[in-house]
>>> print(open('final-v8.cif').read())   # mmCIF, C-alpha atoms
data_structure
loop_
_atom_site.label_atom_id
_atom_site.label_comp_id
_atom_site.auth_asym_id
_atom_site.auth_seq_id
_atom_site.Cartn_x
_atom_site.Cartn_y
_atom_site.Cartn_z
CA MET A 6 -43.96 197.64 -0.45
CA GLN A 7 -44.61 198.61 3.16
CA ASP A 8 -40.83 198.89 3.54
CA GLU A 9 -40.68 201.23 0.54
CA ALA A 10 -43.39 203.46 2.06
CA ILE A 11 -41.39 203.72 5.28
CA ARG A 12 -38.23 204.56 3.33
CA GLN A 13 -40.13 207.30 1.51
CA LYS A 14 -41.36 208.68 4.83
CA ILE A 15 -37.80 208.72 6.22
CA VAL A 16 -36.49 210.45 3.11
CA ALA A 17 -39.21 213.14 3.27
CA ALA A 18 -38.59 213.83 6.97
CA ALA A 19 -34.80 213.92 6.48
CA ARG A 20 -35.13 216.34 3.58
CA GLU A 21 -37.03 218.73 5.83
CA ARG A 22 -34.50 218.50 8.62
CA PHE A 23 -31.43 218.77 6.35
CA ALA A 24 -32.97 221.82 4.64
CA HIS A 25 -33.49 223.56 7.99
CA TYR A 26 -30.51 222.48 10.08
CA GLY A 27 -27.97 221.38 7.49
CA TYR A 28 -26.71 217.92 6.59
CA GLY A 29 -23.54 218.07 8.67
CA LYS A 30 -25.22 218.98 11.93
CA THR A 31 -27.98 216.36 11.78
CA THR A 32 -27.63 213.03 13.60
CA MET A 33 -29.27 209.67 12.85
CA ALA A 34 -30.88 209.84 16.32
CA GLU A 35 -32.62 213.11 15.39
CA LEU A 36 -33.82 211.65 12.11
CA ALA A 37 -35.16 208.58 13.94
CA GLY A 38 -36.97 210.90 16.38
CA ASP A 39 -38.62 212.79 13.50
CA CYS A 40 -39.97 209.46 12.19
CA ASN A 41 -41.07 208.19 15.61
CA MET A 42 -38.75 205.22 15.38
CA SER A 43 -35.72 204.02 17.31
CA PRO A 44 -32.27 204.66 15.82
CA GLY A 45 -31.84 200.89 15.59
CA ASN A 46 -34.97 200.64 13.48
CA LEU A 47 -33.82 203.55 11.25
CA TYR A 48 -30.54 201.72 10.57
CA ARG A 49 -32.61 198.77 9.29
CA TYR A 50 -33.72 201.02 6.42
CA PHE A 51 -30.57 203.06 5.81
CA PRO A 52 -27.03 201.99 6.79
CA GLY A 53 -26.03 205.62 7.36
CA LYS A 54 -26.83 209.31 7.00
CA LEU A 55 -25.05 209.51 3.65
CA ASP A 56 -27.41 206.83 2.29
CA ILE A 57 -30.41 208.93 3.25
CA ALA A 58 -28.82 211.98 1.64
CA GLU A 59 -28.14 209.97 -1.51
CA ALA A 60 -31.80 208.88 -1.63
CA ILE A 61 -32.92 212.53 -1.34
CA VAL A 62 -30.54 213.72 -4.04
CA ARG A 63 -31.45 210.77 -6.27
CA GLY A 64 -35.11 211.75 -5.97
CA LEU A 65 -34.36 215.36 -6.92
CA PHE A 66 -32.09 214.36 -9.82
CA GLU A 67 -34.55 211.78 -11.21
CA ARG A 68 -37.39 214.29 -11.11
CA THR A 69 -35.17 216.83 -12.89
CA LEU A 70 -34.12 214.33 -15.56
CA GLU A 71 -37.75 213.44 -16.24
CA THR A 72 -38.65 217.12 -16.72
CA LEU A 73 -35.67 217.68 -19.03
CA ARG A 74 -36.44 214.53 -21.05
CA ALA A 75 -39.97 215.77 -21.63
CA ILE A 76 -38.51 218.95 -23.18
CA ALA A 77 -36.00 216.96 -25.25
CA LEU A 78 -38.72 214.71 -26.63
CA GLY A 79 -41.10 217.54 -27.54
CA PRO A 80 -41.54 217.59 -31.31
CA GLU A 81 -42.19 221.27 -31.83
CA LEU A 82 -38.84 222.86 -31.05
CA THR A 83 -35.66 223.03 -33.12
CA ALA A 84 -32.56 221.44 -31.60
CA SER A 85 -31.20 224.88 -30.66
CA GLU A 86 -34.46 225.79 -28.95
CA LYS A 87 -34.50 222.46 -27.08
CA LEU A 88 -30.92 222.93 -25.85
CA LYS A 89 -31.75 226.39 -24.58
CA ALA A 90 -34.99 225.23 -22.98
CA VAL A 91 -33.32 222.25 -21.26
CA LEU A 92 -30.48 224.35 -19.85
CA GLU A 93 -32.85 227.08 -18.71
CA LYS A 94 -35.16 224.57 -17.01
CA LEU A 95 -32.17 223.00 -15.25
CA LEU A 96 -31.20 226.44 -13.95
CA GLU A 97 -34.78 227.12 -12.80
CA ILE A 98 -34.98 223.84 -10.90
CA THR A 99 -31.57 224.35 -9.25
CA TYR A 100 -32.62 227.89 -8.32
CA GLU A 101 -35.93 226.71 -6.83
CA ASP A 102 -34.28 223.87 -4.88
CA CYS A 103 -31.57 226.11 -3.45
CA LYS A 104 -33.44 229.41 -3.08
CA HIS A 105 -34.77 228.66 0.37
CA ALA A 106 -32.21 226.07 1.33
CA THR A 107 -28.60 226.24 0.20
CA GLN A 108 -28.31 223.41 2.72
CA LEU A 109 -29.69 221.12 0.01
CA TYR A 110 -26.86 222.14 -2.30
CA GLU A 111 -24.34 221.45 0.47
CA MET A 112 -25.87 218.03 1.01
CA ALA A 113 -25.69 217.27 -2.72
CA GLN A 114 -22.04 218.37 -2.64
CA ALA A 115 -21.36 216.03 0.30
CA VAL A 116 -22.89 213.11 -1.62
CA SER A 117 -20.90 214.01 -4.77
CA ARG A 118 -17.67 214.23 -2.79
CA GLU A 119 -18.14 210.95 -0.93
CA ARG A 120 -19.67 209.08 -3.87
CA PRO A 121 -18.20 210.54 -7.05
CA GLU A 122 -19.58 207.70 -9.17
CA PHE A 123 -23.10 208.74 -8.13
CA ALA A 124 -22.53 212.35 -9.24
CA GLN A 125 -20.87 211.14 -12.44
CA HIS A 126 -23.91 209.01 -13.27
CA TYR A 127 -26.19 212.07 -13.36
CA LEU A 128 -23.60 214.23 -15.11
CA ASP A 129 -23.41 211.52 -17.78
CA ALA A 130 -27.20 211.32 -17.97
CA HIS A 131 -27.43 215.08 -18.57
CA ALA A 132 -24.66 214.90 -21.16
CA ALA A 133 -26.48 212.04 -22.92
CA LEU A 134 -29.64 214.13 -23.02
CA LEU A 135 -27.82 217.15 -24.49
CA GLY A 136 -25.90 214.88 -26.86
CA GLY A 137 -29.17 213.39 -28.12
CA ILE A 138 -30.51 216.84 -28.96
CA LEU A 139 -27.24 217.80 -30.66
CA ALA A 140 -27.32 214.58 -32.73
CA GLU A 141 -30.90 215.37 -33.72
CA GLY A 142 -29.81 218.88 -34.81
CA LYS A 143 -26.96 217.34 -36.78
CA ALA A 144 -29.26 214.84 -38.52
CA ARG A 145 -31.60 217.68 -39.49
CA GLY A 146 -28.73 219.76 -40.87
CA GLU A 147 -29.57 222.42 -38.30
CA LEU A 148 -26.28 222.13 -36.43
CA TRP A 149 -22.80 221.32 -37.67
CA VAL A 150 -21.40 219.19 -34.90
CA ALA A 151 -18.67 216.66 -35.53
CA ASP A 152 -19.05 214.85 -32.20
CA PRO A 153 -22.36 215.42 -30.35
CA GLY A 154 -21.05 213.74 -27.19
CA LYS A 155 -18.04 216.03 -27.02
CA ALA A 156 -20.16 219.11 -27.77
CA ALA A 157 -22.53 218.09 -24.96
CA ARG A 158 -19.64 217.88 -22.46
CA CYS A 159 -18.48 221.28 -23.65
CA LEU A 160 -21.94 222.79 -23.07
CA GLN A 161 -21.92 221.32 -19.56
CA LEU A 162 -18.51 222.82 -18.80
CA ALA A 163 -19.47 226.22 -20.20
CA THR A 164 -22.67 226.33 -18.13
CA ALA A 165 -21.14 225.03 -14.86
CA LYS A 166 -21.81 228.35 -13.13
CA PHE A 167 -25.56 227.85 -13.52
CA GLN A 168 -25.60 224.59 -11.57
CA ASN A 169 -23.50 225.94 -8.70
CA PRO A 170 -25.34 228.42 -6.43
CA PRO A 171 -22.17 229.52 -4.56
CA LEU A 172 -21.13 231.23 -7.82
CA TRP A 173 -24.38 233.21 -8.08
CA THR A 174 -23.30 236.14 -5.89
CA ARG A 175 -25.92 238.88 -6.08
CA CYS A 176 -27.54 237.46 -9.25
CA SER A 177 -31.32 237.25 -9.54
CA LEU A 178 -32.90 234.38 -11.48
CA ALA A 179 -33.54 236.85 -14.32
CA ASP A 180 -29.82 237.84 -14.35
CA LEU A 181 -28.78 234.19 -14.38
CA LYS A 182 -31.17 233.35 -17.23
CA GLU A 183 -29.81 236.21 -19.29
CA GLN A 184 -26.21 235.12 -18.65
CA LEU A 185 -27.04 231.50 -19.46
CA ALA A 186 -28.68 232.53 -22.75
CA GLU A 187 -25.55 234.53 -23.67
CA VAL A 188 -23.29 231.52 -23.08
CA THR A 189 -25.60 229.06 -24.84
CA ASP A 190 -26.04 231.39 -27.84
CA ALA A 191 -22.25 231.82 -28.08
CA ILE A 192 -21.69 228.05 -28.16
CA LEU A 193 -24.55 227.50 -30.62
CA ALA A 194 -23.16 230.24 -32.88
CA GLY A 195 -20.14 228.00 -33.42
CA LEU A 196 -22.36 225.05 -34.36
CA ARG A 197 -24.54 226.78 -36.94
CA PRO A 198 -23.79 226.22 -40.59
CA PRO A 199 -22.35 229.32 -42.26
CA THR A 200 -24.81 231.32 -44.34
CA ARG A 201 -23.28 229.75 -47.46
CA PRO A 202 -22.58 226.14 -46.54
CA GLN A 203 -19.15 224.68 -47.18
CA PRO A 204 -19.26 222.54 -50.32
CA SER A 205 -17.57 219.60 -48.57
CA THR A 206 -20.43 219.13 -46.08
CA PRO A 207 -23.68 219.24 -48.01
CA THR A 208 -26.90 219.99 -46.15
CA GLU A 209 -30.46 220.51 -47.32
CA SER A 210 -29.79 224.22 -47.66
CA THR A 211 -27.42 223.57 -50.59
CA HIS A 212 -30.57 222.92 -52.61
CA PRO A 213 -32.57 226.12 -52.30
CA MET B 4 7.92 254.56 3.08
CA GLN B 5 8.85 252.86 6.36
CA ASP B 6 5.12 252.44 6.99
CA GLU B 7 4.69 250.77 3.59
CA ALA B 8 7.50 248.31 4.40
CA ILE B 9 5.79 247.38 7.67
CA ARG B 10 2.47 246.91 5.87
CA GLN B 11 4.19 244.60 3.38
CA LYS B 12 5.69 242.62 6.26
CA ILE B 13 2.28 242.25 7.92
CA VAL B 14 0.68 241.16 4.64
CA ALA B 15 3.38 238.53 4.03
CA ALA B 16 3.08 237.11 7.57
CA ALA B 17 -0.73 237.08 7.38
CA ARG B 18 -0.69 235.29 4.04
CA GLU B 19 1.40 232.51 5.60
CA ARG B 20 -0.91 232.17 8.59
CA PHE B 21 -4.16 232.32 6.58
CA ALA B 22 -2.77 229.69 4.18
CA HIS B 23 -2.00 227.32 7.05
CA TYR B 24 -4.79 227.93 9.57
CA GLY B 25 -7.53 229.50 7.46
CA TYR B 26 -8.83 233.04 7.39
CA GLY B 27 -11.81 232.46 9.67
CA LYS B 28 -9.86 230.93 12.55
CA THR B 29 -7.11 233.57 12.66
CA THR B 30 -7.26 236.47 15.13
CA MET B 31 -5.69 239.92 14.92
CA ALA B 32 -3.78 239.06 18.16
CA GLU B 33 -2.15 236.07 16.45
CA LEU B 34 -1.21 238.17 13.41
CA ALA B 35 0.29 240.82 15.70
CA GLY B 36 2.29 238.10 17.47
CA ASP B 37 3.68 236.83 14.13
CA CYS B 38 4.92 240.36 13.41
CA ASN B 39 6.32 240.93 16.91
CA MET B 40 4.03 243.86 17.47
CA SER B 41 1.18 244.64 19.85
CA PRO B 42 -2.40 244.24 18.57
CA GLY B 43 -2.81 247.99 19.13
CA ASN B 44 0.13 248.68 16.85
CA LEU B 45 -1.23 246.27 14.20
CA TYR B 46 -4.54 248.15 14.17
CA ARG B 47 -2.57 251.32 13.34
CA TYR B 48 -1.71 249.72 10.00
CA PHE B 49 -4.93 247.82 9.27
CA PRO B 50 -8.35 248.63 10.74
CA GLY B 51 -9.34 244.94 10.65
CA LYS B 52 -8.60 241.40 9.50
CA LEU B 53 -10.66 241.86 6.33
CA ASP B 54 -8.42 244.79 5.33
CA ILE B 55 -5.35 242.57 5.61
CA ALA B 56 -7.10 239.88 3.56
CA GLU B 57 -8.02 242.48 0.94
CA ALA B 58 -4.39 243.60 0.74
CA ILE B 59 -3.26 239.97 0.20
CA VAL B 60 -5.87 239.32 -2.47
CA ARG B 61 -5.14 242.66 -4.13
CA GLY B 62 -1.47 241.68 -4.34
CA LEU B 63 -2.33 238.31 -5.93
CA PHE B 64 -4.82 239.86 -8.36
CA GLU B 65 -2.47 242.70 -9.40
CA ARG B 66 0.38 240.26 -10.05
CA THR B 67 -2.02 238.09 -12.10
CA LEU B 68 -3.27 241.06 -14.12
CA GLU B 69 0.29 242.10 -14.89
CA THR B 70 1.13 238.60 -16.17
CA LEU B 71 -2.03 238.49 -18.30
CA ARG B 72 -1.41 241.98 -19.71
CA ALA B 73 2.06 240.92 -20.83
CA ILE B 74 0.46 238.10 -22.85
CA ALA B 75 -2.21 240.43 -24.26
CA LEU B 76 0.40 242.95 -25.38
CA GLY B 77 2.69 240.38 -27.02
CA PRO B 78 2.82 241.11 -30.74
CA GLU B 79 3.39 237.59 -32.07
CA LEU B 80 0.12 235.84 -31.33
CA THR B 81 -3.23 236.07 -33.13
CA ALA B 82 -6.19 237.29 -31.08
CA SER B 83 -7.50 233.71 -30.73
CA GLU B 84 -4.11 232.53 -29.52
CA LYS B 85 -3.89 235.40 -27.04
CA LEU B 86 -7.35 234.67 -25.63
CA LYS B 87 -6.45 231.03 -25.16
CA ALA B 88 -3.08 231.89 -23.63
CA VAL B 89 -4.58 234.44 -21.21
CA LEU B 90 -7.32 232.07 -20.02
CA GLU B 91 -4.87 229.18 -19.65
CA LYS B 92 -2.42 231.33 -17.68
CA LEU B 93 -5.25 232.48 -15.41
CA LEU B 94 -6.12 228.84 -14.74
CA GLU B 95 -2.47 227.97 -14.04
CA ILE B 96 -2.09 230.82 -11.55
CA THR B 97 -5.35 229.95 -9.77
CA TYR B 98 -4.26 226.30 -9.65
CA GLU B 99 -0.83 227.20 -8.24
CA ASP B 100 -2.29 229.56 -5.63
CA CYS B 101 -4.89 227.06 -4.46
CA LYS B 102 -3.00 223.78 -4.90
CA HIS B 103 -1.38 223.84 -1.49
CA ALA B 104 -3.86 226.16 0.17
CA THR B 105 -7.55 226.18 -0.68
CA GLN B 106 -7.59 228.46 2.38
CA LEU B 107 -6.43 231.25 0.08
CA TYR B 108 -9.47 230.70 -2.15
CA GLU B 109 -11.73 230.79 0.91
CA MET B 110 -10.12 234.05 1.99
CA ALA B 111 -10.63 235.53 -1.49
CA GLN B 112 -14.27 234.42 -1.33
CA ALA B 113 -14.67 236.12 2.06
CA VAL B 114 -13.29 239.37 0.64
CA SER B 115 -15.55 239.10 -2.45
CA ARG B 116 -18.59 238.45 -0.29
CA GLU B 117 -17.95 241.30 2.14
CA ARG B 118 -16.67 243.74 -0.47
CA PRO B 119 -18.40 242.94 -3.75
CA GLU B 120 -17.17 246.16 -5.38
CA PHE B 121 -13.59 244.95 -4.84
CA ALA B 122 -14.29 241.64 -6.61
CA GLN B 123 -16.18 243.44 -9.36
CA HIS B 124 -13.22 245.72 -9.99
CA TYR B 125 -10.98 242.77 -10.88
CA LEU B 126 -13.72 240.97 -12.80
CA ASP B 127 -14.10 244.17 -14.85
CA ALA B 128 -10.33 244.44 -15.31
CA HIS B 129 -10.19 240.87 -16.67
CA ALA B 130 -13.16 241.56 -18.93
CA ALA B 131 -11.47 244.72 -20.22
CA LEU B 132 -8.34 242.71 -20.99
CA LEU B 133 -10.30 240.03 -22.88
CA GLY B 134 -12.39 242.72 -24.59
CA GLY B 135 -9.23 244.45 -25.78
CA ILE B 136 -7.97 241.26 -27.41
CA LEU B 137 -11.38 240.64 -28.99
CA ALA B 138 -11.45 244.20 -30.36
CA GLU B 139 -7.97 243.65 -31.79
CA GLY B 140 -9.17 240.43 -33.46
CA LYS B 141 -12.16 242.31 -34.84
CA ALA B 142 -9.97 245.14 -36.22
CA ARG B 143 -7.75 242.57 -37.94
CA GLY B 144 -10.75 240.78 -39.46
CA GLU B 145 -9.71 237.67 -37.58
CA LEU B 146 -12.84 237.54 -35.40
CA TRP B 147 -16.41 238.55 -36.16
CA VAL B 148 -17.57 240.07 -32.94
CA ALA B 149 -20.32 242.67 -32.82
CA ASP B 150 -19.65 243.76 -29.22
CA PRO B 151 -16.18 242.85 -27.82
CA GLY B 152 -17.22 243.85 -24.28
CA LYS B 153 -20.23 241.55 -24.33
CA ALA B 154 -18.22 238.71 -25.85
CA ALA B 155 -15.60 239.16 -23.11
CA ARG B 156 -18.27 238.84 -20.39
CA CYS B 157 -19.57 235.74 -22.13
CA LEU B 158 -16.08 234.17 -22.16
CA GLN B 159 -15.80 234.90 -18.43
CA LEU B 160 -19.14 233.25 -17.72
CA ALA B 161 -18.34 230.21 -19.83
CA THR B 162 -14.98 229.71 -18.10
CA ALA B 163 -16.22 230.32 -14.53
CA LYS B 164 -15.43 226.71 -13.55
CA PHE B 165 -11.73 227.33 -14.14
CA GLN B 166 -11.50 230.14 -11.59
CA ASN B 167 -13.36 228.21 -8.89
CA PRO B 168 -11.36 225.35 -7.32
CA PRO B 169 -14.37 223.86 -5.46
CA LEU B 170 -15.70 222.83 -8.90
CA TRP B 171 -12.51 220.97 -9.82
CA THR B 172 -13.42 217.66 -8.17
CA ARG B 173 -10.85 215.04 -9.12
CA CYS B 174 -9.50 217.07 -12.07
CA SER B 175 -5.74 217.38 -12.62
CA LEU B 176 -4.30 220.59 -14.06
CA ALA B 177 -3.93 218.74 -17.39
CA ASP B 178 -7.64 217.75 -17.30
CA LEU B 179 -8.64 221.31 -16.53
CA LYS B 180 -6.49 222.74 -19.32
CA GLU B 181 -8.05 220.33 -21.81
CA GLN B 182 -11.56 221.24 -20.66
CA LEU B 183 -10.77 224.96 -20.80
CA ALA B 184 -9.42 224.61 -24.35
CA GLU B 185 -12.63 222.84 -25.39
CA VAL B 186 -14.81 225.63 -24.03
CA THR B 187 -12.63 228.41 -25.44
CA ASP B 188 -12.47 226.74 -28.87
CA ALA B 189 -16.25 226.33 -28.88
CA ILE B 190 -16.79 230.04 -28.16
CA LEU B 191 -14.14 231.10 -30.68
CA ALA B 192 -15.73 228.87 -33.32
CA GLY B 193 -18.77 231.14 -33.13
CA LEU B 194 -16.60 234.23 -33.66
CA ARG B 195 -14.65 233.08 -36.70
CA PRO B 196 -15.71 234.36 -40.10
CA PRO B 197 -17.29 231.66 -42.25
CA THR B 198 -15.01 230.13 -44.87
CA ARG B 199 -16.74 232.29 -47.47
CA PRO B 200 -17.28 235.66 -45.82
CA GLN B 201 -20.68 237.30 -45.94
CA PRO B 202 -20.66 240.05 -48.58
CA SER B 203 -22.07 242.62 -46.15
CA THR B 204 -19.01 242.47 -43.86
CA PRO B 205 -15.92 242.62 -46.01
CA THR B 206 -12.61 241.42 -44.54
CA GLU B 207 -9.14 241.05 -46.01
CA SER B 208 -9.93 237.49 -47.00
CA THR B 209 -12.41 238.73 -49.63
CA HIS B 210 -9.34 239.69 -51.65
CA PRO B 211 -7.41 236.48 -52.04
#
>>> encode(input="final-v8.cif", output="C-alpha cells")
Amino acid sequence: MQDEAIRQKIVAAARERFAHYGYGKTTMAELAGDCNMSPGNLYRYFPGKLDIAEAIVRGLFERTLETLRAIALGPELTASEKLKAVLEKLLEITYEDCKHATQLYEMAQAVSRERPEFAQHYLDAHAALLGGILAEGKARGELWVADPGKAARCLQLATAKFQNPPLWTRCSLADLKEQLAEVTDAILAGLRPPTRPQPSTPTESTHP
Amino acid sequence: MQDEAIRQKIVAAARERFAHYGYGKTTMAELAGDCNMSPGNLYRYFPGKLDIAEAIVRGLFERTLETLRAIALGPELTASEKLKAVLEKLLEITYEDCKHATQLYEMAQAVSRERPEFAQHYLDAHAALLGGILAEGKARGELWVADPGKAARCLQLATAKFQNPPLWTRCSLADLKEQLAEVTDAILAGLRPPTRPQPSTPTESTHP
C-alpha cells in the first residue's frame, strides 16, 4: 500500500518531467532527483524508464476508457448517437492531453513501439467498446451491421487521424470535431437500414 | 533549357542524399559537392535546401497525380471501382516511396510544415480527382452523393492512415490494402442507392 503510494508519486513526477523535457531526454537519475530518492531506490519501484512511461500511459488510457464506457452505458442515446459521442470524447481527451504537451504523445508512441502488445490491448478495448454499441444498434434494428466487431475496427481505421496529433496540422479542435463528424456520419450512413427495408432482413419498421 | 537540366541533376542527387542521410542532417555544401559544383553555384539554382526538397516532393506528387488521373479517366471501371483503384494505387506508391526510405516521408512532412499552401495544393488536387469520380458515379445513378466535393474530402479524412507511414506499425502492404478496402467499402456502402430506390430521386434502376 505504501509501495503503491510511492509508485503513484513517481508516476506523477515523471509525467511532469516528460511533458516538459520530453521522454527521450530524461534520465532515471533526474527522475530519482525529482522524487528525492536515490536512483538505486527508484529502480526498486520501476526496472526502467519505459516502465514508468507505460504506467503513465496506462493511467491515461484507463481514465479514457472509463469515460468512454460511461457514455456507452448511458441509456438515453441511440447507438448512432453513442458512437458519435464516444469518438468525439476520445478526440477531446487526446486533444487536451496533447495540446500543451505533444511530448506525451511522443512518449505514448515510444511505449507503443517498444511494447506493441500494450498498445494492442487498448486498441482492442476501444474496438470492443465500439463493437458493443454497434451490436446494441443491431439488436434494436437501428443499424444493419453484419459483423459488429469488423465494423468497429473499420470505424477505428477511418478515424485514425483523430487519435494522432501529428496529422492535425493547423486544425483547431472545432475543425477536427467537424471532420470527425463527417467521417462518422459517412460510415453510419452505410449502416442505416434503407428507407424501405429489404424484405429478407425484417426489422421492427416492417410493421408500421 | 541547360539550366533546367542542371536543376534536374541537382534534384536527383539531393533525393539520393536525403533518402540515405535524412533531410535535416544534409547541408547545401554537401549537396553542392555531390553535384561537383561550388555552394555559390548551387545557390544560383536553388535559394535554399527547402526549395530543393520542394522540387523533389513536387516531382513525386506530380508523377503520382498522373498515375491516379490515368485510372480516373479509364472508361472500363464503375465509379466505385475507380475510387477503390485510385486509393489503392496511392497507398502502393506511398508504400514504395517510403519502404526503403522513411526519410523521404520526413522530408515531405518538413515541406508541408514549412509551406502549408504547397501541401494543400496537392491535397486539393487529390480531392478534385476523387470528387470527379464521385460526380461521375452520381451522374450515372451509381452513387447517391449530394455533394461530391464534400464526399471526396470525407474519403480523404477516412483514409488518412494510408498516406502516413508512421501509423503503419507492423502492417504489411497486404494488411494495409485489406484495411483500406474495408474503410472504402464502408464509405461507399453509405453512397449506394438502396435496393428499392426512393421515389423522390429516380435513377435508371426504377425502370427495370
>>> residues_around(input="final-v8.cif", residues="Ile9 of chain B", least_positions_apart="4", cutoff="12 Å", atoms="all atoms listed in the file", output="PyMOL selection string")
chain B and resi 4-5+13-16+35+38-40+44-45+47-49
>>> interface_residues(input="final-v8.cif", of="chain A", to="chain B", cutoff="6 Å", atoms="all atoms listed in the file", output="list in words")
Cys159, Ala163, Val188, Ala191, Ile192, Ala194, Gly195 and Pro199 of chain A
>>> residues_around(input="final-v8.cif", residues="Ile98 of chain A", least_positions_apart="6", cutoff="10 Å", atoms="all atoms listed in the file", output="PDB file with C-alpha atoms, in the frame of the given file")
ATOM      1  CA  LEU A  65     -34.360 215.360  -6.920  1.00  0.00           C
ATOM      2  CA  PHE A  66     -32.090 214.360  -9.820  1.00  0.00           C
ATOM      3  CA  ARG A  68     -37.390 214.290 -11.110  1.00  0.00           C
ATOM      4  CA  THR A  69     -35.170 216.830 -12.890  1.00  0.00           C
ATOM      5  CA  THR A  72     -38.650 217.120 -16.720  1.00  0.00           C
ATOM      6  CA  LYS A 104     -33.440 229.410  -3.080  1.00  0.00           C
ATOM      7  CA  GLN A 168     -25.600 224.590 -11.570  1.00  0.00           C
TER       8      GLN A 168
END
>>> atom_distance(input="final-v8.cif", atom1="atom CA of Thr105 of chain B", atom2="atom CA of Lys28 of chain B")
14.2 Å
>>> closest_residue(input="final-v8.cif", among="A:Met33, A:Leu82, A:Leu88, A:Ile61", to="Leu134 of chain A", atoms="all atoms listed in the file")
A:Leu88
>>> closest_residue(input="final-v8.cif", among="B:Leu53, B:Leu107, B:Leu71, B:Cys101", to="Ala131 of chain B", atoms="only C-alpha atoms")
B:Leu71
>>> residues_around(input="final-v8.cif", residues="segment 137-142 of chain B", least_positions_apart="2", cutoff="9 Å", atoms="only C-alpha atoms", output="list in words")
Thr81, Ala82, Ser83, Leu86, Leu132, Leu133, Gly134, Gly135, Gly144, Glu145, Leu146, Trp147, Val148, Ala149, Asp150, Pro151, Gly152, Ala154 and Ala155 of chain B
>>> atom_distance(input="final-v8.cif", atom1="atom CA of Leu94 of chain B", atom2="atom CA of His124 of chain B")
18.9 Å
>>> atom_distance(input="final-v8.cif", atom1="atom CA of Ala132 of chain A", atom2="atom CA of Pro168 of chain B")
21.9 Å
>>> closest_residue(input="final-v8.cif", among="B:Lys180, B:Lys92, B:Lys52, B:Arg10", to="Leu68 of chain B", atoms="all atoms listed in the file")
B:Lys92
>>> resolve_selection(input="final-v8.cif", expression="the PyMOL selection byres ((chain B and resi 104) around 12)", output="list in words")
Arg18, Glu19, Arg20, Phe21, Ala22, His23, Tyr24, Gly25, Tyr26, Thr97, Tyr98, Glu99, Asp100, Cys101, Lys102, His103, Thr105, Gln106, Leu107, Tyr108, Glu109, Met110, Ala111 and Pro168 of chain B
>>> closest_residue(input="final-v8.cif", among="A:Leu181, A:Ala10, A:Cys176, A:Ala58", to="Val116 of chain A", atoms="all atoms listed in the file")
A:Ala58
>>> axis_aligned_box(input="final-v8.cif", around="segment 149-167 of chain B", padding_each_side="3 Å", output="lines of an AutoDock Vina configuration file")
center_x = -15.9
center_y = 235.3
center_z = -20.9
size_x = 14.8
size_y = 23.1
size_z = 29.9
>>> build_atoms(input="final-v8.cif", residues="segment 59-73 of chain B", atoms="N, CA and C atoms", output="CSV table (one decimal), in the coordinates of the input")
chain,number,residue,atom,x,y,z
B,59,ILE,N,-3.9,241.2,0.7
B,59,ILE,CA,-3.3,240.0,0.2
B,59,ILE,C,-3.9,239.7,-1.2
B,60,VAL,N,-5.2,239.7,-1.2
B,60,VAL,CA,-5.9,239.3,-2.5
B,60,VAL,C,-5.6,240.3,-3.6
B,61,ARG,N,-5.5,241.6,-3.2
B,61,ARG,CA,-5.1,242.7,-4.1
B,61,ARG,C,-3.8,242.4,-4.7
B,62,GLY,N,-2.8,242.0,-3.9
B,62,GLY,CA,-1.5,241.7,-4.3
B,62,GLY,C,-1.5,240.5,-5.3
B,63,LEU,N,-2.2,239.5,-5.0
B,63,LEU,CA,-2.3,238.3,-5.9
B,63,LEU,C,-3.0,238.7,-7.2
B,64,PHE,N,-4.1,239.5,-7.2
B,64,PHE,CA,-4.8,239.9,-8.4
B,64,PHE,C,-4.0,240.8,-9.2
B,65,GLU,N,-3.3,241.7,-8.6
B,65,GLU,CA,-2.5,242.7,-9.4
B,65,GLU,C,-1.3,242.0,-10.1
B,66,ARG,N,-0.7,241.0,-9.4
B,66,ARG,CA,0.4,240.3,-10.0
B,66,ARG,C,-0.2,239.5,-11.2
B,67,THR,N,-1.4,238.9,-11.0
B,67,THR,CA,-2.0,238.1,-12.1
B,67,THR,C,-2.3,239.0,-13.3
B,68,LEU,N,-2.9,240.1,-13.0
B,68,LEU,CA,-3.3,241.1,-14.1
B,68,LEU,C,-2.0,241.5,-14.9
B,69,GLU,N,-0.9,241.7,-14.2
B,69,GLU,CA,0.3,242.1,-14.9
B,69,GLU,C,0.8,241.0,-15.8
B,70,THR,N,0.7,239.7,-15.4
B,70,THR,CA,1.1,238.6,-16.2
B,70,THR,C,0.2,238.5,-17.4
B,71,LEU,N,-1.1,238.6,-17.2
B,71,LEU,CA,-2.0,238.5,-18.3
B,71,LEU,C,-1.9,239.6,-19.3
B,72,ARG,N,-1.6,240.8,-18.8
B,72,ARG,CA,-1.4,242.0,-19.7
B,72,ARG,C,-0.2,241.8,-20.6
B,73,ALA,N,0.8,241.2,-20.0
B,73,ALA,CA,2.1,240.9,-20.8
B,73,ALA,C,1.7,240.0,-22.0
